[in-house]
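Student: This one is coords.tsv, TSV, C-alpha atoms and all ligand atoms.
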chain	number	residue	atom	x	y	z
Z	1	MET	CA	-37.79	14.97	38.37
Z	2	MET	CA	-40.17	14.06	35.55
Z	3	LEU	CA	-43.29	15.40	37.25
Z	4	ASP	CA	-41.68	18.78	37.99
Z	5	ARG	CA	-40.68	19.19	34.34
Z	6	LYS	CA	-44.16	18.27	33.13
Z	7	ILE	CA	-45.83	20.69	35.54
Z	8	ARG	CA	-43.43	23.47	34.60
Z	9	SER	CA	-43.77	23.05	30.86
Z	10	PHE	CA	-47.57	22.85	31.10
Z	11	LEU	CA	-47.67	26.01	33.19
Z	12	ASN	CA	-45.25	27.83	30.96
Z	13	SER	CA	-47.78	27.57	28.17
Z	14	PHE	CA	-49.89	30.02	30.17
Z	15	TYR	CA	-47.40	32.21	32.01
Z	16	ARG	CA	-43.66	32.37	31.70
Z	17	ILE	CA	-43.45	33.29	35.35
Z	18	PRO	CA	-46.59	32.04	37.17
Z	19	TYR	CA	-47.56	33.46	40.55
Z	20	LEU	CA	-48.78	30.44	42.42
Z	21	VAL	CA	-47.79	26.85	41.80
Z	22	PRO	CA	-47.86	24.31	44.63
Z	23	TYR	CA	-44.34	23.06	45.37
Z	24	TRP	CA	-45.45	19.46	45.00
Z	25	ASP	CA	-43.79	16.47	43.37
Z	26	GLU	CA	-44.12	12.68	43.55
Z	27	GLU	CA	-43.79	12.72	47.34
Z	28	GLU	CA	-46.96	14.79	47.82
Z	29	LEU	CA	-48.78	12.69	45.23
Z	30	GLU	CA	-47.77	9.51	47.03
Z	31	ALA	CA	-48.77	10.99	50.39
Z	32	PHE	CA	-52.17	11.87	48.95
Z	33	LEU	CA	-52.71	8.44	47.40
Z	34	SER	CA	-51.53	6.33	50.31
Z	35	PRO	CA	-51.55	8.36	53.52
Z	36	PRO	CA	-50.54	6.70	56.82
Z	37	ARG	CA	-53.58	5.98	59.01
Z	38	ASP	CA	-52.21	8.13	61.82
Z	39	ALA	CA	-51.21	11.07	59.55
Z	40	VAL	CA	-53.33	13.64	61.40
Z	41	GLU	CA	-51.99	12.71	64.84
Z	42	ALA	CA	-48.43	12.64	63.44
Z	43	LEU	CA	-48.89	16.15	62.01
Z	44	GLU	CA	-50.28	17.42	65.31
Z	45	SER	CA	-47.35	16.09	67.31
Z	46	GLU	CA	-44.79	17.36	64.76
Z	47	LEU	CA	-46.31	20.86	64.91
Z	48	THR	CA	-46.49	20.76	68.71
Z	49	ARG	CA	-42.77	19.99	68.76
Z	50	ARG	CA	-41.69	22.45	66.05
Z	51	LEU	CA	-43.69	25.43	67.27
Z	52	SER	CA	-43.21	24.64	70.98
Z	53	ALA	CA	-47.01	24.83	71.17
Z	54	SER	CA	-49.14	23.32	73.91
Z	55	ARG	CA	-52.39	22.12	72.30
Z	56	VAL	CA	-52.64	21.64	68.55
Z	57	MET	CA	-55.62	20.43	66.54
Z	58	ALA	CA	-55.57	19.82	62.76
Z	59	VAL	CA	-58.84	20.81	61.04
Z	60	SER	CA	-60.25	21.24	57.53
Z	61	SER	CA	-59.19	24.89	57.01
Z	62	GLY	CA	-57.69	27.97	58.62
Z	63	GLN	CA	-61.15	29.47	58.63
Z	64	CYS	CA	-62.51	26.52	60.64
Z	65	ALA	CA	-59.61	27.00	63.08
Z	66	ILE	CA	-60.62	30.67	63.58
Z	67	PHE	CA	-64.22	29.60	64.11
Z	68	LEU	CA	-63.18	27.07	66.77
Z	69	ALA	CA	-60.88	29.59	68.48
Z	70	LEU	CA	-63.71	32.13	68.75
Z	71	LYS	CA	-66.13	29.47	69.94
Z	72	SER	CA	-63.78	28.25	72.60
Z	73	MET	CA	-63.53	31.88	73.80
Z	74	GLY	CA	-67.32	31.85	74.19
Z	75	ILE	CA	-67.80	34.60	71.59
Z	76	GLY	CA	-71.33	35.04	70.26
Z	77	PRO	CA	-74.15	37.55	69.62
Z	78	GLY	CA	-73.45	41.05	70.95
Z	79	ASP	CA	-69.69	40.50	71.24
Z	80	GLU	CA	-67.28	42.51	69.13
Z	81	VAL	CA	-64.14	41.19	67.47
Z	82	VAL	CA	-61.58	43.66	66.09
Z	83	ILE	CA	-60.05	42.70	62.75
Z	84	PRO	CA	-58.05	44.70	60.18
Z	85	SER	CA	-60.06	45.59	57.09
Z	86	LEU	CA	-57.17	44.58	54.80
Z	87	VAL	CA	-57.57	40.85	55.34
Z	88	CYS	CA	-58.73	37.85	53.38
Z	89	ARG	CA	-62.50	37.55	53.56
Z	90	SER	CA	-62.28	34.01	54.95
Z	91	ALA	CA	-60.87	35.38	58.20
Z	92	LEU	CA	-64.04	37.42	58.72
Z	93	ALA	CA	-66.66	34.76	57.99
Z	94	PRO	CA	-66.29	32.86	61.32
Z	95	ILE	CA	-67.06	36.07	63.28
Z	96	LEU	CA	-70.29	36.60	61.33
Z	97	ARG	CA	-71.18	32.93	61.48
Z	98	LEU	CA	-71.15	33.18	65.30
Z	99	SER	CA	-73.40	36.27	65.05
Z	100	ALA	CA	-70.69	38.39	66.68
Z	101	THR	CA	-69.86	41.86	65.31
Z	102	PRO	CA	-66.60	42.48	63.48
Z	103	VAL	CA	-65.13	45.95	63.95
Z	104	PHE	CA	-62.55	47.05	61.38
Z	105	CYS	CA	-59.28	48.57	62.48
Z	106	ASP	CA	-56.51	50.29	60.54
Z	107	ILE	CA	-52.99	49.07	59.74
Z	108	ALA	CA	-49.52	50.59	59.88
Z	109	GLY	CA	-47.12	51.02	56.95
Z	110	ASP	CA	-46.07	47.33	57.17
Z	111	LEU	CA	-49.72	46.41	56.35
Z	112	ASN	CA	-50.25	44.92	59.84
Z	113	ALA	CA	-52.48	46.00	62.71
Z	114	THR	CA	-50.59	47.40	65.70
Z	115	ALA	CA	-51.55	48.20	69.30
Z	116	GLU	CA	-52.00	51.85	68.20
Z	117	THR	CA	-54.30	51.02	65.26
Z	118	ILE	CA	-56.34	48.50	67.29
Z	119	GLU	CA	-56.94	50.60	70.41
Z	120	PRO	CA	-59.33	53.16	68.80
Z	121	ALA	CA	-61.60	50.27	67.70
Z	122	LEU	CA	-62.02	48.86	71.23
Z	123	THR	CA	-65.28	49.30	73.14
Z	124	GLU	CA	-66.67	47.69	76.29
Z	125	LYS	CA	-68.16	45.00	74.03
Z	126	THR	CA	-64.81	43.96	72.51
Z	127	ARG	CA	-63.99	40.36	73.42
Z	128	ALA	CA	-61.17	39.52	70.99
Z	129	ILE	CA	-58.73	40.80	68.38
Z	130	LEU	CA	-57.72	38.81	65.31
Z	131	VAL	CA	-54.19	39.66	64.18
Z	132	PRO	CA	-52.97	38.42	60.77
Z	133	HIS	CA	-49.38	38.81	59.52
Z	134	THR	CA	-49.96	40.29	56.08
Z	135	GLY	CA	-48.05	38.49	53.35
Z	136	GLY	CA	-45.81	36.88	56.00
Z	137	LYS	CA	-44.53	40.05	57.71
Z	138	PRO	CA	-44.79	39.48	61.49
Z	139	ALA	CA	-47.10	41.87	63.33
Z	140	ARG	CA	-45.72	43.37	66.56
Z	141	MET	CA	-47.39	40.75	68.74
Z	142	ALA	CA	-45.68	41.57	72.05
Z	143	GLU	CA	-47.22	45.06	72.14
Z	144	ILE	CA	-50.62	43.79	71.01
Z	145	VAL	CA	-50.71	41.04	73.64
Z	146	GLU	CA	-49.65	43.48	76.35
Z	147	MET	CA	-52.42	45.92	75.35
Z	148	ALA	CA	-55.01	43.11	75.16
Z	149	ALA	CA	-54.10	42.02	78.69
Z	150	ARG	CA	-54.76	45.58	79.93
Z	151	PHE	CA	-58.22	45.56	78.34
Z	152	ARG	CA	-58.88	41.89	79.26
Z	153	ILE	CA	-59.56	40.76	75.72
Z	154	PHE	CA	-58.49	37.65	73.85
Z	155	VAL	CA	-55.90	37.65	71.05
Z	156	ILE	CA	-56.02	35.27	68.07
Z	157	ASP	CA	-52.64	35.07	66.34
Z	158	ASP	CA	-53.58	34.40	62.70
Z	159	ALA	CA	-50.41	32.95	61.15
Z	160	ALA	CA	-52.21	31.63	58.03
Z	161	GLN	CA	-49.82	33.62	55.84
Z	162	ALA	CA	-46.74	33.34	58.04
Z	163	PHE	CA	-45.91	29.70	58.73
Z	164	GLY	CA	-42.56	29.38	60.52
Z	165	GLY	CA	-42.19	33.12	61.07
Z	166	ASP	CA	-41.36	34.39	64.51
Z	167	HIS	CA	-41.60	37.54	66.56
Z	168	GLY	CA	-39.34	38.11	69.53
Z	169	GLY	CA	-38.06	34.50	69.35
Z	170	ARG	CA	-41.55	33.02	69.57
Z	171	PHE	CA	-43.20	31.29	66.60
Z	172	LEU	CA	-46.17	33.02	64.98
Z	173	GLY	CA	-49.40	31.21	65.71
Z	174	ASN	CA	-48.15	30.68	69.24
Z	175	TRP	CA	-48.77	34.21	70.54
Z	176	GLY	CA	-51.90	35.33	72.39
Z	177	ASP	CA	-54.62	33.00	73.62
Z	178	ALA	CA	-55.07	31.01	70.42
Z	179	GLY	CA	-53.42	30.88	67.03
Z	180	ILE	CA	-54.15	29.44	63.63
Z	181	LEU	CA	-52.18	28.11	60.66
Z	182	SER	CA	-53.36	27.28	57.15
Z	183	PHE	CA	-52.20	24.74	54.59
Z	184	SER	CA	-54.69	25.92	51.96
Z	185	ALA	CA	-54.05	27.45	48.52
Z	186	GLY	CA	-51.60	30.31	48.41
Z	187	LYS	CA	-49.92	29.60	51.74
Z	188	LEU	CA	-46.22	28.93	52.34
Z	189	LEU	CA	-46.83	25.18	52.82
Z	190	MET	CA	-49.77	23.66	50.98
Z	191	SER	CA	-51.97	20.59	51.10
Z	192	THR	CA	-55.20	20.58	49.08
Z	193	ALA	CA	-56.59	22.46	52.13
Z	194	GLY	CA	-56.22	22.40	55.87
Z	195	GLY	CA	-55.85	24.44	59.01
Z	196	VAL	CA	-54.48	24.16	62.50
Z	197	LEU	CA	-55.82	25.48	65.78
Z	198	ILE	CA	-53.28	26.22	68.51
Z	199	LEU	CA	-54.70	26.79	71.97
Z	200	SER	CA	-52.08	28.58	74.07
Z	201	ASN	CA	-54.33	29.77	76.90
Z	202	PRO	CA	-54.80	26.75	79.21
Z	203	ASN	CA	-58.20	28.09	80.33
Z	204	LEU	CA	-59.74	27.76	76.87
Z	205	PRO	CA	-61.70	24.51	76.48
Z	206	ALA	CA	-60.68	22.18	73.64
Z	207	PRO	CA	-63.27	21.89	70.85
Z	208	PRO	CA	-65.37	18.71	70.70
Z	209	PRO	CA	-64.20	15.96	68.30
Z	210	LEU	CA	-64.99	16.82	64.66
Z	211	PRO	CA	-66.37	14.57	61.91
Z	212	ALA	CA	-64.16	13.34	59.05
Z	213	GLU	CA	-64.40	14.84	55.57
Z	214	PRO	CA	-65.89	12.48	52.95
Z	215	PHE	CA	-63.20	11.25	50.52
Z	216	ALA	CA	-65.20	12.44	47.48
Z	217	VAL	CA	-64.96	16.01	48.81
Z	218	ILE	CA	-61.19	15.74	49.28
Z	219	LEU	CA	-60.68	14.23	45.84
Z	220	GLY	CA	-62.89	16.86	44.19
Z	221	ARG	CA	-60.92	19.60	45.94
Z	222	ALA	CA	-57.58	18.13	44.87
Z	223	LEU	CA	-58.69	17.96	41.22
Z	224	ARG	CA	-60.17	21.44	41.36
Z	225	ALA	CA	-56.98	22.80	42.94
Z	226	MET	CA	-54.83	21.26	40.20
Z	227	LEU	CA	-57.04	22.73	37.47
Z	228	ARG	CA	-57.40	26.02	39.20
Z	229	PHE	CA	-53.66	26.60	39.48
Z	230	ARG	CA	-52.94	25.51	35.95
Z	231	LEU	CA	-55.74	27.40	34.28
Z	232	ARG	CA	-55.64	30.37	36.61
Z	233	LYS	CA	-55.13	32.94	33.91
Z	234	HIS	CA	-58.37	31.91	32.19
Z	235	THR	CA	-60.52	30.71	35.07
Z	236	PHE	CA	-59.59	33.03	37.92
Z	237	PRO	CA	-61.95	35.89	36.90
Z	238	PHE	CA	-64.83	33.40	36.66
Z	239	PHE	CA	-64.00	31.84	40.02
Z	240	LEU	CA	-63.94	35.30	41.58
Z	241	ALA	CA	-67.18	36.45	39.98
Z	242	PHE	CA	-68.99	33.17	40.70
Z	243	ASP	CA	-67.66	33.04	44.23
Z	244	ARG	CA	-68.79	36.58	44.99
Z	245	MET	CA	-72.26	36.02	43.59
Z	246	ARG	CA	-72.82	32.67	45.19
Z	247	ARG	CA	-71.50	32.65	48.71
Z	248	PRO	CA	-72.87	34.80	51.54
Z	249	VAL	CA	-69.95	36.25	53.44
Z	250	GLN	CA	-70.85	34.57	56.75
Z	251	GLN	CA	-70.79	31.08	55.24
Z	252	LEU	CA	-67.69	28.98	55.95
Z	253	GLU	CA	-65.97	27.79	52.78
Z	254	ARG	CA	-65.53	24.24	54.02
Z	255	PRO	CA	-67.53	22.15	56.47
Z	256	LEU	CA	-66.22	22.07	60.01
Z	257	CYS	CA	-64.23	18.82	59.98
Z	258	ARG	CA	-61.07	17.22	61.20
Z	259	MET	CA	-58.17	17.51	58.73
Z	260	SER	CA	-58.21	14.59	56.29
Z	261	VAL	CA	-55.42	12.01	56.42
Z	262	GLN	CA	-54.58	12.90	52.79
Z	263	ASP	CA	-54.07	16.59	53.62
Z	264	ALA	CA	-52.18	15.79	56.82
Z	265	ALA	CA	-49.84	13.42	54.97
Z	266	MET	CA	-49.19	16.08	52.32
Z	267	ALA	CA	-48.60	18.67	55.04
Z	268	MET	CA	-46.00	16.36	56.64
Z	269	VAL	CA	-44.12	16.18	53.33
Z	270	GLN	CA	-44.32	19.97	53.00
Z	271	LEU	CA	-43.03	20.35	56.58
Z	272	ARG	CA	-39.97	18.29	55.64
Z	273	LYS	CA	-39.41	20.72	52.73
Z	274	HIS	CA	-40.08	23.82	54.82
Z	275	HIS	CA	-36.48	25.03	54.94
Z	276	GLU	CA	-36.05	24.53	51.21
Z	277	ILE	CA	-39.33	26.30	50.36
Z	278	GLN	CA	-38.55	29.15	52.73
Z	279	ALA	CA	-34.97	29.55	51.46
Z	280	ARG	CA	-36.13	29.60	47.81
Z	281	ARG	CA	-38.81	32.20	48.49
Z	282	ARG	CA	-36.47	34.33	50.57
Z	283	GLY	CA	-33.72	34.04	47.94
Z	284	ASN	CA	-36.13	35.19	45.21
Z	285	ALA	CA	-37.43	38.03	47.37
Z	286	GLU	CA	-33.94	39.23	48.22
Z	287	THR	CA	-32.94	39.15	44.55
Z	288	LEU	CA	-35.98	41.25	43.62
Z	289	ILE	CA	-35.26	43.71	46.43
Z	290	ARG	CA	-31.66	44.07	45.26
Z	291	LEU	CA	-32.69	44.58	41.63
Z	292	LEU	CA	-35.53	46.98	42.35
Z	293	SER	CA	-34.26	48.98	45.32
Z	294	ASP	CA	-33.48	52.11	43.29
Z	295	VAL	CA	-36.81	52.29	41.42
Z	296	GLU	CA	-38.48	55.53	42.37
Z	297	GLY	CA	-42.18	55.29	43.23
Z	298	LEU	CA	-41.94	51.63	44.29
Z	299	THR	CA	-42.00	50.61	47.97
Z	300	LEU	CA	-40.57	47.14	48.61
Z	301	PRO	CA	-41.25	44.77	51.54
Z	302	ASP	CA	-39.05	44.99	54.60
Z	303	PRO	CA	-37.12	41.66	54.91
Z	304	PRO	CA	-36.50	41.15	58.67
Z	305	GLY	CA	-38.64	38.26	59.88
Z	306	HIS	CA	-40.61	38.15	56.59
Z	307	THR	CA	-41.63	34.69	55.31
Z	308	PHE	CA	-42.45	36.17	51.86
Z	309	THR	CA	-45.62	34.11	51.50
Z	310	LYS	CA	-46.52	37.14	49.39
Z	311	PHE	CA	-44.11	39.70	47.96
Z	312	ILE	CA	-46.30	42.79	48.19
Z	313	VAL	CA	-45.07	46.06	46.72
Z	314	HIS	CA	-46.65	49.51	46.76
Z	315	VAL	CA	-46.76	51.53	43.58
Z	316	GLY	CA	-47.09	55.25	43.08
Z	317	SER	CA	-49.35	57.76	44.73
Z	318	PRO	CA	-52.96	56.59	44.64
Z	319	GLY	CA	-55.64	59.04	43.69
Z	320	PRO	CA	-59.15	59.41	45.14
Z	321	CYS	CA	-60.74	56.29	43.59
Z	322	ARG	CA	-62.58	53.27	44.96
Z	323	GLU	CA	-60.67	50.91	42.69
Z	324	LYS	CA	-57.01	49.98	42.36
Z	325	SER	CA	-54.93	52.98	41.26
Z	326	PRO	CA	-54.45	53.46	37.50
Z	327	GLN	CA	-50.67	52.91	37.96
Z	328	VAL	CA	-51.21	49.51	39.57
Z	329	LEU	CA	-53.73	48.44	36.93
Z	330	ALA	CA	-51.29	49.51	34.22
Z	331	LEU	CA	-48.38	47.66	35.88
Z	332	HIS	CA	-50.57	44.53	36.15
Z	333	ARG	CA	-51.37	44.69	32.41
Z	334	PHE	CA	-47.74	45.43	31.52
Z	335	LEU	CA	-46.42	42.42	33.47
Z	336	GLU	CA	-49.11	40.09	32.09
Z	337	SER	CA	-48.23	41.14	28.55
Z	338	ARG	CA	-44.69	39.92	29.28
Z	339	GLY	CA	-45.81	36.54	30.61
Z	340	ILE	CA	-45.40	37.46	34.29
Z	341	GLU	CA	-48.33	36.79	36.59
Z	342	PRO	CA	-48.85	39.33	39.37
Z	343	GLU	CA	-51.63	39.17	41.96
Z	344	PHE	CA	-53.76	41.88	43.49
Z	345	THR	CA	-53.76	41.94	47.27
Z	346	HIS	CA	-57.09	41.76	49.15
Z	347	TRP	CA	-59.64	44.52	48.69
Z	348	PRO	CA	-60.32	46.08	52.10
Z	349	LEU	CA	-63.47	44.56	53.53
Z	350	HIS	CA	-64.97	47.87	54.71
Z	351	LEU	CA	-65.37	48.88	51.05
Z	352	ARG	CA	-67.81	46.03	50.39
Z	353	PRO	CA	-71.32	47.50	50.58
Z	354	ASP	CA	-72.56	44.56	52.70
Z	355	LEU	CA	-69.75	45.04	55.25
Z	356	ALA	CA	-69.52	48.85	55.39
Z	357	GLN	CA	-71.77	48.80	58.50
Z	358	PHE	CA	-68.82	47.39	60.51
Z	359	LEU	CA	-66.71	50.49	59.92
Z	360	ARG	CA	-66.82	52.70	63.03
Z	361	SER	CA	-64.13	55.25	62.24
Z	362	PRO	CA	-61.96	56.13	59.23
Z	363	LEU	CA	-59.03	53.88	58.28
Z	364	PRO	CA	-56.63	56.41	56.75
Z	365	VAL	CA	-53.61	54.13	56.24
Z	366	THR	CA	-55.66	51.30	54.70
Z	367	ASP	CA	-57.45	53.80	52.44
Z	368	ARG	CA	-54.16	55.37	51.39
Z	369	LEU	CA	-52.19	52.17	50.75
Z	370	TRP	CA	-54.46	49.45	49.37
Z	371	LYS	CA	-54.99	50.96	45.93
Z	372	GLY	CA	-51.27	50.84	45.24
Z	373	LEU	CA	-50.64	47.23	46.37
Z	374	ILE	CA	-49.72	44.40	44.04
Z	375	SER	CA	-47.86	41.09	44.65
Z	376	LEU	CA	-45.03	39.85	42.46
Z	377	PRO	CA	-44.27	36.13	41.97
Z	378	VAL	CA	-41.52	34.67	44.21
Z	379	GLN	CA	-42.86	31.10	44.44
Z	380	PRO	CA	-40.26	28.36	45.00
Z	381	TRP	CA	-40.25	26.92	41.46
Z	382	LEU	CA	-38.74	30.24	40.33
Z	383	GLY	CA	-35.06	31.17	40.49
Z	384	PRO	CA	-32.67	34.11	40.01
Z	385	GLY	CA	-33.15	34.16	36.20
Z	386	ASP	CA	-36.93	34.55	36.64
Z	387	MET	CA	-36.39	37.33	39.15
Z	388	GLU	CA	-34.16	39.16	36.66
Z	389	VAL	CA	-36.87	38.91	34.00
Z	390	THR	CA	-39.47	40.18	36.49
Z	391	ALA	CA	-37.26	43.03	37.70
Z	392	ASP	CA	-36.47	44.05	34.10
Z	393	ALA	CA	-40.18	44.14	33.30
Z	394	VAL	CA	-40.97	46.24	36.40
Z	395	ARG	CA	-38.11	48.62	35.58
Z	396	GLY	CA	-39.35	48.74	31.98
Z	397	TYR	CA	-42.80	49.80	33.19
Z	398	PHE	CA	-41.37	52.56	35.37
Z	399	ALA	CA	-39.17	53.76	32.49
Z	400	THR	CA	-42.19	54.26	30.16
U	1	LIG	C1	-54.88	35.85	57.09
U	1	LIG	C2	-55.75	34.68	56.76
U	1	LIG	N1	-56.43	34.08	57.75
U	1	LIG	C3	-57.19	33.00	57.52
U	1	LIG	C4	-57.33	32.47	56.26
U	1	LIG	C5	-58.21	31.28	56.04
U	1	LIG	O1	-57.45	30.13	55.75
U	1	LIG	P1	-58.11	28.92	54.89
U	1	LIG	O2	-58.03	29.31	53.45
U	1	LIG	O3	-57.26	27.74	55.22
U	1	LIG	O4	-59.49	28.78	55.37
U	1	LIG	C6	-56.65	33.07	55.20
U	1	LIG	C7	-56.80	32.53	53.84
U	1	LIG	O5	-56.36	33.04	52.85
U	1	LIG	C8	-55.81	34.20	55.45
U	1	LIG	O6	-55.13	34.80	54.47
As structure tokens, how would this structure be written, given the file I've shared?
Tutor:
Amino acid sequence: MMLDRKIRSFLNSFYRIPYLVPYWDEEELEAFLSPPRDAVEALESELTRRLSASRVMAVSSGQCAIFLALKSMGIGPGDEVVIPSLVCRSALAPILRLSATPVFCDIAGDLNATAETIEPALTEKTRAILVPHTGGKPARMAEIVEMAARFRIFVIDDAAQAFGGDHGGRFLGNWGDAGILSFSAGKLLMSTAGGVLILSNPNLPAPPPLPAEPFAVILGRALRAMLRFRLRKHTFPFFLAFDRMRRPVQQLERPLCRMSVQDAAMAMVQLRKHHEIQARRRGNAETLIRLLSDVEGLTLPDPPGHTFTKFIVHVGSPGPCREKSPQVLALHRFLESRGIEPEFTHWPLHLRPDLAQFLRSPLPVTDRLWKGLISLPVQPWLGPGDMEVTADAVRGYFAT
């Protein structure tokens, strides 16, 4: 495929093994340029069928889907929503936007919240828990839902990072009272952006109809996304710095809209490729696990049920610092110097000065683990040869 080769050779001029490249070719481009008029409805019914979900609504982002889930639960000022601190900041914004109070909870060794880590954060004001599946590793939803029922609180199953994963034979996103999916940057399946709200609890009212996104916004986002992925090495620090300075944390990244036909049509193409994308990621992850399993000081992800949207490893024994551990920073530099692009996993939100007020009690596991976390590239354009190069580089770092 001509386009694939062009994309790959262009990217290779920046990184030999890039972290994040959308698995797009002519089909996605064609879907974007001439989407069917009923693309959004078609996506909704395909997802309803695939996930055995009841009510599905395609919206402009995963964050908007969380906002709508909380709103349909009637959550507002004075209500508390429990959320792990080790989560992408966009999952938190909808809680603040509704003037509710987030309360941070701890995680277990698999980087997910559990019934045991959530329970200490509950108070009589708690109305909901938001449960992400970090990097694609399924959280233990059955226990969380059972505990939430005892305390009469809602559960939002945040499967933004875990499309197609399942727990106990039930698809992620389809547990609890409401679930969300995301088709935005860095997810297993990608459009230029997009999210899905799944309402599983029949008592929750459906959100009102949403406006359409203006085409100029969608086009601008598509162009920005293309540039952003390709020039990531050079632009990413600026995006991060600019983003942090500019945007208050309670502001939603995208306006609350219905998913665009362009994004829905691209998502349909990605859905058709789901098995291929998943198999390539899993194959890469399994190769890395096999090649790195005997490296001392490196903890690898646990494969069962994992979608490997991120391949997060833990390095070394972190010291008492408020930054990433020196070992992780050194590994990051070492890999970059060999043309391999790693990614740092989210900074815990309770460490941000403007969010520290939402920390009620210590989070020992989060505090112990986050400094040593780093993600290695397993994206679907890569293959076994790339994994060997990556594993050799990681081994080389540990040998120095
Ligand atoms: C766990 C989690 N939830 C929600 C979101 C928000 O999704 P979106 O980027 O589509 O708004 C993200 C985004 O990275 C995420 O990682």
Student: Produce as a list in words the set of residues near ligand LIG 1 (chain U), where near means within 7 Å with only C-alpha atoms and all ligand atoms considered.
Tutor: Ser61, Gly62, Gln63, Cys64, Val87, Cys88, Ser90, Ala91, Pro132, His133, Thr134, Asp158, Ala159, Ala160, Gln161, Ser182, Phe183, Ser184, Ala185, Ala193, Gly194 and Gly195 of chain Z
Student: Can you list, as a tab-separated table (two decimals) with C-alpha atoms, keeping the file's coordinate frame, every protein, DNA or RNA residue that comes within 6 Å of range 270-281 of chain Z when you count only C-alpha atoms, leaving out same-chain residues fewer than 5 positions away?
Tutor:
chain	number	residue	atom	x	y	z
Z	189	LEU	CA	-46.83	25.18	52.82
Z	378	VAL	CA	-41.52	34.67	44.21
Z	379	GLN	CA	-42.86	31.10	44.44
Z	380	PRO	CA	-40.26	28.36	45.00
Student: Please identify all polymer residues within 12 Å of Ser54 in chain Z, counting only C-alpha atoms, omitting same-chain residues fewer than 6 positions from it, and present them as a ChimeraX atom specification.
Tutor: /Z:44-48,173-175,177-179,197-202,204,206
Student: If you keep C-alpha atoms, can you produce a file of those selected residues as a tab-separated table (two decimals), keeping the file's coordinate frame?
Tutor:
chain	number	residue	atom	x	y	z
Z	44	GLU	CA	-50.28	17.42	65.31
Z	45	SER	CA	-47.35	16.09	67.31
Z	46	GLU	CA	-44.79	17.36	64.76
Z	47	LEU	CA	-46.31	20.86	64.91
Z	48	THR	CA	-46.49	20.76	68.71
Z	173	GLY	CA	-49.40	31.21	65.71
Z	174	ASN	CA	-48.15	30.68	69.24
Z	175	TRP	CA	-48.77	34.21	70.54
Z	177	ASP	CA	-54.62	33.00	73.62
Z	178	ALA	CA	-55.07	31.01	70.42
Z	179	GLY	CA	-53.42	30.88	67.03
Z	197	LEU	CA	-55.82	25.48	65.78
Z	198	ILE	CA	-53.28	26.22	68.51
Z	199	LEU	CA	-54.70	26.79	71.97
Z	200	SER	CA	-52.08	28.58	74.07
Z	201	ASN	CA	-54.33	29.77	76.90
Z	202	PRO	CA	-54.80	26.75	79.21
Z	204	LEU	CA	-59.74	27.76	76.87
Z	206	ALA	CA	-60.68	22.18	73.64
Student: For Arg338 in chain Z, which of Z:Pro18, Z:Pro120, Z:Gly220, Z:Pro94 is the closest residue, counting only C-alpha atoms?
Tutor: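 For Arg338 in chain Z, the nearest of the candidates is Z:Pro18.
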Student: Would you pick out the contacts of Ile118 in chain Z at 12 Å or less, using all atoms listed in the file, so that residues sharing its chain but fewer than 5 positions from it are not included, and give the list as a count of residues only?
Tutor: 31
Student: For CA of Pro22 in chain Z and CA of Leu188 in chain Z, determine how far apart the two atoms are, in Å to one decimal place.
Tutor: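 Computing it gives 9.1 Å between the two atoms.
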Student: Please give the centre and size of the box around range 194-203 of chain Z (axis-aligned, containing every atom listed in the file, 8 Å added per side), with values in Å to one decimal and written as lines of an AutoDock Vina configuration file.
Tutor:
center_x = -55.1
center_y = 26.1
center_z = 68.1
size_x = 22.1
size_y = 23.4
size_z = 40.5
Student: In Å, rounded to a single decimal, give me how far CA of Met259 in chain Z is from CA of Met57 in chain Z.
Tutor: 8.7 Å
Student: Expressed in Å to a single decimal, how great is the separation between CA of Gly164 in chain Z and CA of Pro211 in chain Z?
Tutor: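 Taking CA of Gly164 in chain Z and CA of Pro211 in chain Z, their separation equals 28.1 Å.
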Student: Which of these residues is nearest to Phe308 in chain Z, using only C-alpha atoms: Z:Ala212, Z:Leu329, Z:Leu288, Z:Leu86?
Tutor: Z:Leu288
Student: Near Glu343 in chain Z, counting only C-alpha atoms, which residues have an atom at most 9 Å away, once you skip same-chain residues fewer than 5 positions from it, shown as a list in words?
Tutor: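 So the residues in contact are Tyr19, Ile312, His332, Ile374, Ser375, Leu376 and Pro377 of chain Z.
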Student: Given the selection you just returned, output its residues as a file containing C-alpha atoms, formatted as a compact mmCIF listing (two decimals), keeping the file's coordinate frame.
Tutor:
# COMPACT_ATOMS: atom_id res chain seq x y z
CA TYR Z 19 -47.56 33.46 40.55
CA ILE Z 312 -46.30 42.79 48.19
CA HIS Z 332 -50.57 44.53 36.15
CA ILE Z 374 -49.72 44.40 44.04
CA SER Z 375 -47.86 41.09 44.65
CA LEU Z 376 -45.03 39.85 42.46
CA PRO Z 377 -44.27 36.13 41.97
Student: Please provide the set of residues having any atom within 7 Å of Thr299 in chain Z, restricted to only C-alpha atoms, with same-chain residues fewer than 5 positions apart removed, written as a short mmCIF file (atom, residue, chain, number, x, y, z; two decimals) with C-alpha atoms, in the coordinates of the input.
Tutor:
data_model
loop_
_atom_site.label_atom_id
_atom_site.label_comp_id
_atom_site.auth_asym_id
_atom_site.auth_seq_id
_atom_site.Cartn_x
_atom_site.Cartn_y
_atom_site.Cartn_z
CA VAL Z 313 -45.07 46.06 46.72
CA HIS Z 314 -46.65 49.51 46.76
CA VAL Z 315 -46.76 51.53 43.58
#
Student: Counting only C-alpha atoms, which residue out of Z:Pro35, Z:Gly165, Z:Glu119, Z:Pro205 sits closest to Gly74 in chain Z?
Tutor: Z:Pro205
Student: I'd like to know which of Z:Thr390, Z:Gln251, Z:Asn284, Z:Ser60 is closest to Glu341 in chain Z, using all atoms listed in the file.
Tutor: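 The shortest atom-to-atom distance to Glu341 in chain Z comes from Z:Thr390.
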